[in-house]
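Peer 1: Structure provided below as structure tokens; questions to follow.
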Amino acid sequence: MVNSSITIYTLPCLSDNYAYVVHNRATGTAAVVDVPEAGPLVDKISQLNLPVTDIFLTHHHWDHIDGLPDLQAALTGSLGQSRARVIGAKADAHRLPALDQAVGPGDRVTLCEIEGDIYDVSGHTLGHLALHLPSAKAVFSADSLMAMGCGRLFEGSAVQMWHSLQQFRSLAPDTWVYSGHEYTATNMAFTQSLGEDNPAIAARAAQITKDRAAGQATVPSLLALELQTNPFLRADDPALQAAVGMPGATAEQVFTEIRSRRDKF
């Protein structure tokens, strides 16, 4: 059952990052997911007058955590709030800011009184987490599953990332995917370069072009649409395998090939 009292705000940060404010209107509290920089988050929190109880960090890269000290300082300073609890990966605690709650795959957490489930989606980094909020029909995937793409493999292997991404396919198709960057236009161009005759891809490409021309964000995206159009979720699809010249190959082989092509695109 979807909780209609939850609102999620998508906040552009830095040059192409996103941070998120999850507002539980039933309790009047909020949580933050990732802190690329503090400014946009402080502005939104101040505008809405939201007490922030929790901050969730998906992974250790600087463009997802560097704004945390300034955000905490603003919360306890100019905004007059208590310090927010910081939640992140137990396996990555040595590379994250000090955590108040260290979590791992299979754990259930509560942020601003909303229950969430933790998934290990290593590949982009080791210890990368995704946060699923079933009652909000939302999953925060950061740099694992992205709109029409997936994150570059800085630490994990292609096979590891393929298996990490399979967890998203188990979620309800009407789940909204809140990823970490506005990379969709480039991901779209890459997907088209694979040469698959897929009407869903053509229709989505037209919409992405229209949205970006209007300066609109393409994130979040609907999981059902990712399942139809994101090649990194479809490495076991015979139509995609044929398009890339790998009919009958394993999903891991196809994923490895298209991830390699994306790196060079």
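Ordering of the structure tokens sets the chain letters (A, B, ...), residue numbers begin anew at 1 in every chain, and ligands are numbered from 1 in the order given.
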What parts of region 100-224 of chain A does DSSP call strand (DSSP E or B)? I'd like the answer as an mmCIF file with C-alpha atoms, in the first residue's frame.
Peer 2:
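Output (part_20.cif):
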data_model
loop_
_atom_site.group_PDB
_atom_site.id
_atom_site.type_symbol
_atom_site.label_atom_id
_atom_site.label_comp_id
_atom_site.auth_asym_id
_atom_site.auth_seq_id
_atom_site.Cartn_x
_atom_site.Cartn_y
_atom_site.Cartn_z
ATOM 1 C CA GLN A 101 23.827 3.592 12.281
ATOM 2 C CA ALA A 102 25.817 1.158 10.129
ATOM 3 C CA VAL A 103 23.654 -1.114 7.982
ATOM 4 C CA ARG A 108 15.394 -2.738 7.694
ATOM 5 C CA VAL A 109 15.818 0.906 8.696
ATOM 6 C CA THR A 110 13.452 3.675 9.737
ATOM 7 C CA LEU A 111 13.971 7.196 8.382
ATOM 8 C CA ILE A 114 9.237 5.543 7.177
ATOM 9 C CA GLU A 115 10.464 1.951 6.954
ATOM 10 C CA GLY A 116 13.050 1.074 4.320
ATOM 11 C CA ASP A 117 14.953 -1.983 3.114
ATOM 12 C CA ILE A 118 18.687 -2.075 2.402
ATOM 13 C CA TYR A 119 20.228 -3.697 -0.677
ATOM 14 C CA ASP A 120 23.910 -4.204 -1.472
ATOM 15 C CA LEU A 129 23.817 0.556 -0.968
ATOM 16 C CA ALA A 130 20.333 1.100 -2.367
ATOM 17 C CA LEU A 131 17.459 2.175 -0.129
ATOM 18 C CA HIS A 132 13.950 0.923 -0.936
ATOM 19 C CA LEU A 133 10.947 2.627 0.659
ATOM 20 C CA ALA A 138 10.601 4.583 -4.241
ATOM 21 C CA VAL A 139 14.111 3.196 -4.477
ATOM 22 C CA PHE A 140 17.232 5.342 -4.115
ATOM 23 C CA SER A 141 19.791 3.710 -6.377
ATOM 24 C CA ALA A 142 22.407 6.501 -6.634
ATOM 25 C CA LEU A 145 20.876 1.640 -11.513
ATOM 26 C CA MET A 146 20.542 4.938 -13.383
ATOM 27 C CA GLY A 149 22.109 3.262 -17.635
ATOM 28 C CA CYS A 150 24.211 2.101 -14.715
ATOM 29 C CA TRP A 176 10.165 5.164 -8.912
ATOM 30 C CA VAL A 177 13.949 5.031 -9.318
ATOM 31 C CA TYR A 178 15.771 7.983 -7.726
ATOM 32 C CA SER A 179 19.293 7.818 -9.127
ATOM 33 C CA HIS A 181 22.972 11.956 -11.675
ATOM 34 C CA SER A 221 12.248 7.346 -13.661
ATOM 35 C CA LEU A 222 9.678 4.588 -13.480
#
Peer 1: For Tyr9 (chain A), find every residue with an atom within 9 Å (counting only C-alpha atoms), except residues of its own chain fewer than 4 positions away, and show them as a PyMOL selection string.
Peer 2: chain A and resi 19-23+44
Peer 1: So, with only C-alpha atoms as the atoms that count, which of A:Gly180, A:Gly245, A:Pro173, A:Gly28 lies closest to Glu226 (chain A)?
Peer 2: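 Selected residue with least distance to Glu226 (chain A): A:Pro173.
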Peer 1: Pull the helix (DSSP H, G or I) assignments for region 124-197 of chain A out of DSSP run on the backbone, and list those residues as a short mmCIF file (atom, residue, chain, number, x, y, z; two decimals) with N, CA, C and O atoms, in the first residue's frame.
Peer 2:
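See out-v7.cif below for the written result:
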data_model
loop_
_atom_site.label_atom_id
_atom_site.label_comp_id
_atom_site.auth_asym_id
_atom_site.auth_seq_id
_atom_site.Cartn_x
_atom_site.Cartn_y
_atom_site.Cartn_z
N PRO A 134 9.22 0.89 0.43
CA PRO A 134 8.05 0.28 -0.20
C PRO A 134 6.80 1.14 -0.12
O PRO A 134 6.03 1.23 -1.08
N SER A 135 6.57 1.79 1.02
CA SER A 135 5.33 2.56 1.18
C SER A 135 5.31 3.80 0.31
O SER A 135 4.24 4.36 0.05
N ALA A 136 6.48 4.24 -0.15
CA ALA A 136 6.56 5.40 -1.03
C ALA A 136 6.73 4.99 -2.50
O ALA A 136 6.80 5.87 -3.37
N ALA A 158 32.00 -6.33 -13.79
CA ALA A 158 30.77 -6.30 -14.57
C ALA A 158 29.81 -7.39 -14.10
O ALA A 158 28.61 -7.15 -13.99
N VAL A 159 30.34 -8.56 -13.83
CA VAL A 159 29.48 -9.65 -13.37
C VAL A 159 28.84 -9.28 -12.03
O VAL A 159 27.65 -9.52 -11.80
N GLN A 160 29.60 -8.67 -11.16
CA GLN A 160 29.07 -8.25 -9.86
C GLN A 160 27.96 -7.21 -10.04
O GLN A 160 26.91 -7.29 -9.41
N MET A 161 28.18 -6.24 -10.93
CA MET A 161 27.16 -5.22 -11.16
C MET A 161 25.91 -5.82 -11.78
O MET A 161 24.78 -5.46 -11.39
N TRP A 162 26.06 -6.74 -12.72
CA TRP A 162 24.89 -7.39 -13.32
C TRP A 162 24.05 -8.05 -12.23
O TRP A 162 22.82 -7.90 -12.20
N HIS A 163 24.69 -8.77 -11.34
CA HIS A 163 23.93 -9.45 -10.29
C HIS A 163 23.35 -8.44 -9.29
O HIS A 163 22.25 -8.66 -8.77
N SER A 164 24.04 -7.34 -9.04
CA SER A 164 23.48 -6.31 -8.18
C SER A 164 22.21 -5.72 -8.79
O SER A 164 21.20 -5.51 -8.10
N LEU A 165 22.24 -5.47 -10.09
CA LEU A 165 21.09 -4.85 -10.75
C LEU A 165 19.87 -5.76 -10.79
O LEU A 165 18.74 -5.27 -10.91
N GLN A 166 20.09 -7.06 -10.68
CA GLN A 166 18.94 -7.97 -10.71
C GLN A 166 17.99 -7.73 -9.54
O GLN A 166 16.79 -8.02 -9.63
N GLN A 167 18.52 -7.17 -8.47
CA GLN A 167 17.66 -6.91 -7.32
C GLN A 167 16.57 -5.89 -7.64
O GLN A 167 15.46 -5.96 -7.11
N PHE A 168 16.89 -4.95 -8.50
CA PHE A 168 15.89 -3.95 -8.88
C PHE A 168 14.76 -4.59 -9.69
O PHE A 168 13.62 -4.16 -9.62
N ARG A 169 15.09 -5.63 -10.45
CA ARG A 169 14.06 -6.27 -11.27
C ARG A 169 13.03 -7.00 -10.41
O ARG A 169 11.94 -7.31 -10.89
N THR A 184 20.97 11.05 -18.27
CA THR A 184 20.02 10.30 -19.09
C THR A 184 20.18 10.55 -20.58
O THR A 184 20.05 9.62 -21.38
N ALA A 185 20.46 11.77 -20.99
CA ALA A 185 20.57 12.06 -22.41
C ALA A 185 21.73 11.28 -23.04
O ALA A 185 21.59 10.71 -24.13
N THR A 186 22.86 11.23 -22.35
CA THR A 186 24.00 10.47 -22.86
C THR A 186 23.70 8.98 -22.83
O THR A 186 24.04 8.25 -23.78
N ASN A 187 23.07 8.51 -21.76
CA ASN A 187 22.70 7.10 -21.69
C ASN A 187 21.73 6.73 -22.81
O ASN A 187 21.80 5.64 -23.39
N MET A 188 20.83 7.65 -23.14
CA MET A 188 19.88 7.43 -24.23
C MET A 188 20.62 7.29 -25.56
O MET A 188 20.35 6.37 -26.35
N ALA A 189 21.57 8.19 -25.82
CA ALA A 189 22.32 8.14 -27.07
C ALA A 189 23.09 6.83 -27.17
O ALA A 189 23.17 6.22 -28.26
N PHE A 190 23.67 6.39 -26.05
CA PHE A 190 24.38 5.12 -26.07
C PHE A 190 23.43 3.97 -26.37
O PHE A 190 23.74 3.09 -27.18
N THR A 191 22.29 3.95 -25.70
CA THR A 191 21.32 2.88 -25.92
C THR A 191 20.91 2.82 -27.39
O THR A 191 20.82 1.73 -27.98
N GLN A 192 20.69 3.96 -28.01
CA GLN A 192 20.33 3.98 -29.43
C GLN A 192 21.47 3.46 -30.30
O GLN A 192 21.22 2.84 -31.33
N SER A 193 22.72 3.68 -29.86
CA SER A 193 23.86 3.23 -30.65
C SER A 193 23.97 1.72 -30.73
O SER A 193 24.66 1.18 -31.61
#
Peer 1: Just give me the gap between CA of Pro97 (chain A) and CA of Phe56 (chain A) in Å, one decimal is fine.
Peer 2: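 Computed distance, CA of Pro97 (chain A) to CA of Phe56 (chain A), equals 11.1 Å.
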Peer 1: Just give me the gap between CA of Asp237 (chain A) and CA of Val254 (chain A) in Å, one decimal is fine.
Peer 2: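 Separating CA of Asp237 (chain A) from CA of Val254 (chain A) is a distance of 9.6 Å.
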Peer 1: Fewer than 3 positions away in the same chain doesn't count, so skip those; otherwise give me all residues within 7 Å of Ser5 (chain A), counting only C-alpha atoms, as a ChimeraX atom specification.
Peer 2: /A:24-26
Peer 1: So that I can see what lies close to region 31-43 of chain A, please list as an MDAnalysis selection string the residues with an atom at most 10 Å from it, counting only C-alpha atoms and leaving out residues fewer than 5 positions away in the same chain.
Peer 2: chainID A and resid 8:14 17:24 48:75 78:79 84:88 110:114 131 140 142 178 180
Peer 1: If we count only C-alpha atoms, what is near Ile258 (chain A) at a cut-off of 10 Å, once residues fewer than 5 positions away on the same chain are taken out, given as a PyMOL selection string?
Peer 2: chain A and resi 158+190-191+194+231-232+235+241+244+253+263-264
Peer 1: How would the residues just picked look written out with N, CA and C atoms as a compact mmCIF listing (two decimals), in the first residue's frame?
Peer 2:
# COMPACT_ATOMS: atom_id res chain seq x y z
N ALA A 158 32.00 -6.33 -13.79
CA ALA A 158 30.77 -6.30 -14.57
C ALA A 158 29.81 -7.39 -14.10
N PHE A 190 23.67 6.39 -26.05
CA PHE A 190 24.38 5.12 -26.07
C PHE A 190 23.43 3.97 -26.37
N THR A 191 22.29 3.95 -25.70
CA THR A 191 21.32 2.88 -25.92
C THR A 191 20.91 2.82 -27.39
N LEU A 194 23.27 1.01 -29.83
CA LEU A 194 23.33 -0.45 -29.84
C LEU A 194 22.53 -1.04 -31.00
N PRO A 231 19.35 -0.92 -21.29
CA PRO A 231 20.05 -2.13 -21.75
C PRO A 231 20.77 -2.86 -20.62
N PHE A 232 21.14 -2.15 -19.58
CA PHE A 232 21.88 -2.78 -18.49
C PHE A 232 21.00 -3.63 -17.59
N ALA A 235 20.32 -7.49 -20.27
CA ALA A 235 21.41 -8.25 -20.90
C ALA A 235 21.03 -9.69 -21.20
N GLN A 241 20.52 -9.04 -27.20
CA GLN A 241 21.67 -9.87 -27.51
C GLN A 241 21.92 -9.94 -29.01
N VAL A 244 23.45 -6.62 -30.45
CA VAL A 244 24.87 -6.38 -30.20
C VAL A 244 25.74 -7.52 -30.75
N GLN A 253 28.05 -12.15 -20.02
CA GLN A 253 28.90 -11.79 -21.16
C GLN A 253 28.36 -10.56 -21.88
N ASP A 263 31.77 2.56 -21.63
CA ASP A 263 32.97 3.22 -21.13
C ASP A 263 33.69 3.99 -22.23
N LYS A 264 33.58 3.51 -23.46
CA LYS A 264 34.28 4.13 -24.59
C LYS A 264 33.40 5.08 -25.39
Peer 1: Using CA of Lys90 (chain A) and CA of Leu153 (chain A) as the two end points, give the distance in Å to one decimal.
Peer 2: 20.6 Å
